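Participant: The structure that follows is given in the form of structure tokens.
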Amino acid sequence: MDDIYANNAAKTELREGYNTADVDRILAVFADAFTDMSDNLPSFHSSSGPSAKTVLRARLERLFREYTVELALTVMEIKIAGGLAVEHGWHQMKLFPKLGGEAELRRTRYVEIWRRDAQQGWRIVL
């Protein structure tokens with residue numbers, strides 16, 4: 001399978017995970033030992049403290065407890081070099097409070113580094 005297509009397929013899984021509130025589907029897109037450097041949040045990585053996947057699971061569970069989410073993705077570019085890919089673009093997340101009220105729109109720029117895993121395909125590592 002073409003690497004760009006495979007990377008886009010993984011990104012689609014991420015989007016659909018958010019849009020269906022499926023935490024396991026989202027986490028499947030991330031490598032087991034990824035580094036999370038989300039803006040305005042503590043960073044987590046595999047070398048110390050709780051794993052980034054454990055922290056991301058808790059954040060996602062809280063998000064989906066409080067909101068129904070619609071995620072739209074704009075992938076601007078994917079550059080592949082061997083078994084690594086760098087991708088950047090925008091995430092637009094519409095959050096609908098489950099307790100009622102106005103929906104909130106969050107737009108963020110992102111940069112992700114992906115690694116190709118022979119058994120699992122492309123996974124986010126940073």
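Ligands are numbered from 1 in the order shown, chains are lettered A, B, ... in the order of the structure tokens, and residues start at 1 in each chain.
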What are the closest atom pairs, with distances in Å to one decimal, for all residues of segment 19-102 of chain A lying within 12 Å of segment 117-126 of chain A? Consider only C-alpha atoms, order rows by chain and residue number, and present the result as CSV.
Facilitator:
```
residue,atom,partner,partner_atom,distance
A:Ile26,CA,A:Ile124,CA,10.7
A:Leu27,CA,A:Ile124,CA,9.6
A:Ala28,CA,A:Arg123,CA,7.9
A:Val29,CA,A:Arg123,CA,5.2
A:Phe30,CA,A:Ile124,CA,4.5
A:Ala31,CA,A:Arg123,CA,5.1
A:Asp32,CA,A:Val125,CA,8.2
A:Ala33,CA,A:Val125,CA,6.9
A:Phe34,CA,A:Val125,CA,4.2
A:Thr35,CA,A:Leu126,CA,4.8
A:Asp36,CA,A:Leu126,CA,6.1
A:Met37,CA,A:Leu126,CA,7.4
A:Ser38,CA,A:Leu126,CA,9.6
A:Ser43,CA,A:Leu126,CA,10.6
A:Phe44,CA,A:Leu126,CA,10.2
A:His45,CA,A:Leu126,CA,9.1
A:Ser46,CA,A:Val125,CA,10.5
A:Ala52,CA,A:Leu126,CA,10.1
A:Lys53,CA,A:Val125,CA,10.8
A:Ile80,CA,A:Trp122,CA,11.1
A:Gly82,CA,A:Asp117,CA,11.4
A:Gly83,CA,A:Asp117,CA,7.9
A:Leu84,CA,A:Trp122,CA,8.7
A:Ala85,CA,A:Trp122,CA,8.7
A:Val86,CA,A:Leu126,CA,9.6
A:Glu87,CA,A:Ile124,CA,9.9
A:His88,CA,A:Leu126,CA,11.9
```
Participant: Give the alpha helix (DSSP H) residues of segment 61-115 of chain A, as assigned by DSSP on the backbone, as a ChimeraX atom specification.
Facilitator: /A:61-66
Participant: Take the residues from that selection and put them in a file with all heavy atoms, as a PDB file, in the first residue's frame.
Facilitator:
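Writing done, so here's again-v7.pdb:
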```pdb
ATOM      1  N   GLU A  61     -11.345  10.157  27.862  1.00  0.00           N
ATOM      2  CA  GLU A  61     -12.534   9.728  28.606  1.00  0.00           C
ATOM      3  C   GLU A  61     -13.247  10.928  29.221  1.00  0.00           C
ATOM      4  O   GLU A  61     -14.479  11.006  29.191  1.00  0.00           O
ATOM      5  CB  GLU A  61     -12.151   8.699  29.669  1.00  0.00           C
ATOM      6  CG  GLU A  61     -11.796   7.350  29.061  1.00  0.00           C
ATOM      7  CD  GLU A  61     -11.202   6.360  30.043  1.00  0.00           C
ATOM      8  OE1 GLU A  61     -10.849   6.751  31.188  1.00  0.00           O
ATOM      9  OE2 GLU A  61     -11.066   5.179  29.663  1.00  0.00           O
ATOM     10  N   ARG A  62     -12.481  11.869  29.735  1.00  0.00           N
ATOM     11  CA  ARG A  62     -13.088  13.078  30.295  1.00  0.00           C
ATOM     12  C   ARG A  62     -13.754  13.899  29.191  1.00  0.00           C
ATOM     13  O   ARG A  62     -14.881  14.385  29.358  1.00  0.00           O
ATOM     14  CB  ARG A  62     -12.030  13.911  31.012  1.00  0.00           C
ATOM     15  CG  ARG A  62     -12.609  15.183  31.592  1.00  0.00           C
ATOM     16  CD  ARG A  62     -11.592  15.974  32.352  1.00  0.00           C
ATOM     17  NE  ARG A  62     -12.199  17.212  32.825  1.00  0.00           N
ATOM     18  CZ  ARG A  62     -11.531  18.279  33.147  1.00  0.00           C
ATOM     19  NH1 ARG A  62     -10.215  18.286  33.092  1.00  0.00           N
ATOM     20  NH2 ARG A  62     -12.152  19.355  33.561  1.00  0.00           N
ATOM     21  N   LEU A  63     -13.060  14.066  28.064  1.00  0.00           N
ATOM     22  CA  LEU A  63     -13.621  14.825  26.936  1.00  0.00           C
ATOM     23  C   LEU A  63     -14.959  14.245  26.512  1.00  0.00           C
ATOM     24  O   LEU A  63     -15.945  14.977  26.373  1.00  0.00           O
ATOM     25  CB  LEU A  63     -12.633  14.807  25.765  1.00  0.00           C
ATOM     26  CG  LEU A  63     -13.121  15.473  24.472  1.00  0.00           C
ATOM     27  CD1 LEU A  63     -13.188  16.992  24.647  1.00  0.00           C
ATOM     28  CD2 LEU A  63     -12.195  15.110  23.314  1.00  0.00           C
ATOM     29  N   PHE A  64     -15.023  12.920  26.335  1.00  0.00           N
ATOM     30  CA  PHE A  64     -16.248  12.300  25.848  1.00  0.00           C
ATOM     31  C   PHE A  64     -17.333  12.201  26.912  1.00  0.00           C
ATOM     32  O   PHE A  64     -18.509  12.060  26.586  1.00  0.00           O
ATOM     33  CB  PHE A  64     -15.945  10.921  25.252  1.00  0.00           C
ATOM     34  CG  PHE A  64     -15.066  10.998  24.030  1.00  0.00           C
ATOM     35  CD1 PHE A  64     -13.989  10.140  23.892  1.00  0.00           C
ATOM     36  CD2 PHE A  64     -15.293  11.932  23.035  1.00  0.00           C
ATOM     37  CE1 PHE A  64     -13.177  10.205  22.772  1.00  0.00           C
ATOM     38  CE2 PHE A  64     -14.486  12.017  21.913  1.00  0.00           C
ATOM     39  CZ  PHE A  64     -13.423  11.150  21.774  1.00  0.00           C
ATOM     40  N   ARG A  65     -16.964  12.287  28.191  1.00  0.00           N
ATOM     41  CA  ARG A  65     -17.970  12.372  29.259  1.00  0.00           C
ATOM     42  C   ARG A  65     -18.690  13.712  29.192  1.00  0.00           C
ATOM     43  O   ARG A  65     -19.882  13.805  29.440  1.00  0.00           O
ATOM     44  CB  ARG A  65     -17.293  12.238  30.627  1.00  0.00           C
ATOM     45  CG  ARG A  65     -17.668  11.046  31.415  1.00  0.00           C
ATOM     46  CD  ARG A  65     -17.165  11.007  32.845  1.00  0.00           C
ATOM     47  NE  ARG A  65     -16.002  11.792  33.195  1.00  0.00           N
ATOM     48  CZ  ARG A  65     -14.739  11.356  33.148  1.00  0.00           C
ATOM     49  NH1 ARG A  65     -14.474  10.128  32.746  1.00  0.00           N
ATOM     50  NH2 ARG A  65     -13.745  12.135  33.501  1.00  0.00           N
ATOM     51  N   GLU A  66     -17.941  14.757  28.848  1.00  0.00           N
ATOM     52  CA  GLU A  66     -18.485  16.112  28.890  1.00  0.00           C
ATOM     53  C   GLU A  66     -19.041  16.604  27.558  1.00  0.00           C
ATOM     54  O   GLU A  66     -19.895  17.489  27.540  1.00  0.00           O
ATOM     55  CB  GLU A  66     -17.393  17.072  29.373  1.00  0.00           C
ATOM     56  CG  GLU A  66     -16.951  16.795  30.795  1.00  0.00           C
ATOM     57  CD  GLU A  66     -15.810  17.690  31.259  1.00  0.00           C
ATOM     58  OE1 GLU A  66     -15.434  18.637  30.538  1.00  0.00           O
ATOM     59  OE2 GLU A  66     -15.286  17.421  32.357  1.00  0.00           O
TER      60      GLU A  66
END
```
Participant: For Glu70 of chain A, list every protein, DNA or RNA residue within 8 Å, evaluated using only C-alpha atoms, and leave out those in the same chain fewer than 6 positions away; present the list as an MDAnalysis selection string.
Facilitator: chainID A and resid 18:19 93:95
Participant: Given the choices A:Ile78, A:Glu104, A:Asn8, A:Val69, which gets closest to Asp22 of chain A if the distance is worked out from only C-alpha atoms?
Facilitator: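 Smallest separation from Asp22 of chain A among the options: A:Val69.
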Participant: Would you compute the distance between atom CA of Leu41 of chain A and atom CA of Ala81 of chain A? Give it in Å to one decimal.
Facilitator: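 Going from atom CA of Leu41 of chain A over to atom CA of Ala81 of chain A, I get 29.3 Å.
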Participant: Provide the atom CA of Asp2 of chain A to atom CA of His91 of chain A distance in Å, to one decimal place.
Facilitator: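 Computed distance, atom CA of Asp2 of chain A to atom CA of His91 of chain A, equals 23.7 Å.
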Participant: Quick one: pick out all strand (DSSP E) residues within segment 68-113 of chain A from a backbone DSSP run and write them as a VMD selection string.
Facilitator: chain A and resid 68 to 81 84 to 97 104 to 113
